[in-house]
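Here the structure is laid out as structure tokens; the discussion comes afterwards.
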Amino acid sequence: MSPQNAAHFMRIIAIISMLSAILFAAAVVADPTGLNNLFLHGVSSGSQGLAGINTAEARVTLAIAGGVFAGFSAMLLLVAVPALHNYDVKMIRAVQMSLMIWFVVDSSASIAGGNAANAVANLLFLTVYMAPLMLVKEAKG
């Protein structure tokens with residue numbers, strides 16, 4: 001994959017992730033689409049869906065998680081995209097390592113907390129996030 005194509009692919013991933021993060025955080029107030037309810041049924045709160053976050057503490061945690069995910073997505077957009085576009089190998093490796101740290105910490109904590117489904121979902125996300133970083137090749141010529 002050319003650096004320009006990899007950067008374009010990562011830009012799309014980052015924007016979709018940013019929008020998802022905003023929806024995730026917005027579920028604290030309302031979930032008009034029901035997407036967060038489906039997500040929470042399968043990954044975050046087992047079979048309770050949004051009812052599993054029906055406490056002030058849980059809603060604050062969800063808001064914080066949405067904010068962290070938005071910042072994570074911004075890092076992809078503002079750091080990974082230029083690194084890919086310019087084929088900056090050091091920055092590409094730094095982003096790869098950052099993603100691996102996120103994956104190991106988040107997935108290990110999820111498994112330890114009894115939520116292995118989140119670790120499985122993380123594997124899917126890791127594959128998507130890493131694809132342009134692993135497939136990029138230096139332009140010839």
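Identifiers in this document derive from the order of the structure tokens: chains are assigned A, B, ..., residues are numbered from 1 separately in each chain, and ligands are numbered from 1 in order of occurrence.
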So that I can see what lies close to Ala74 in chain A, please list as a short mmCIF file (atom, residue, chain, number, x, y, z; two decimals) with N, CA and C atoms, in the first residue's frame the residues with an atom at most 9 Å from it, counting only C-alpha atoms and leaving out residues fewer than 4 positions away in the same chain.
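File written: part-v6.cif
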data_model
loop_
_atom_site.label_atom_id
_atom_site.label_comp_id
_atom_site.auth_asym_id
_atom_site.auth_seq_id
_atom_site.Cartn_x
_atom_site.Cartn_y
_atom_site.Cartn_z
N ALA A 14 -9.82 6.90 11.41
CA ALA A 14 -9.78 7.86 12.52
C ALA A 14 -11.07 8.67 12.62
N ILE A 15 -11.59 9.09 11.49
CA ILE A 15 -12.82 9.89 11.50
C ILE A 15 -14.01 9.04 11.97
N SER A 17 -13.81 6.45 13.88
CA SER A 17 -13.57 6.22 15.31
C SER A 17 -13.96 7.43 16.14
N MET A 18 -13.62 8.62 15.65
CA MET A 18 -13.95 9.86 16.37
C MET A 18 -15.46 10.01 16.49
N PHE A 69 -11.48 7.74 24.09
CA PHE A 69 -11.55 7.16 22.74
C PHE A 69 -11.48 8.26 21.68
N ALA A 70 -12.10 9.41 21.94
CA ALA A 70 -12.02 10.54 21.01
C ALA A 70 -10.58 11.04 20.90
N LEU A 78 -4.08 12.91 13.77
CA LEU A 78 -3.07 13.97 13.78
C LEU A 78 -1.63 13.48 13.82
N VAL A 79 -1.41 12.23 14.22
CA VAL A 79 -0.06 11.69 14.28
C VAL A 79 0.14 10.57 13.25
#
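Of the residues listed (A:Ser107, A:Thr127, A:Gln96, A:Asn86), A:Asn86 shows the shortest atom-to-atom separation from Ala7 in chain A; distances use only C-alpha atoms.
The gap separating CA of Val105 in chain A from CA of Met130 in chain A is 16.6 Å, in Å to one decimal.
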Point out the residue among A:Ala56, A:Leu123, A:Ala63, A:Val128 with the least atom-to-atom distance to Ala21 in chain A, counting only C-alpha atoms.
A:Ala63
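Remark: for Leu84 in chain A, the closest of the candidate residues A:Ile22, A:Gly66, A:Gly71, A:Leu133 is A:Leu133 (distances computed over only C-alpha atoms).
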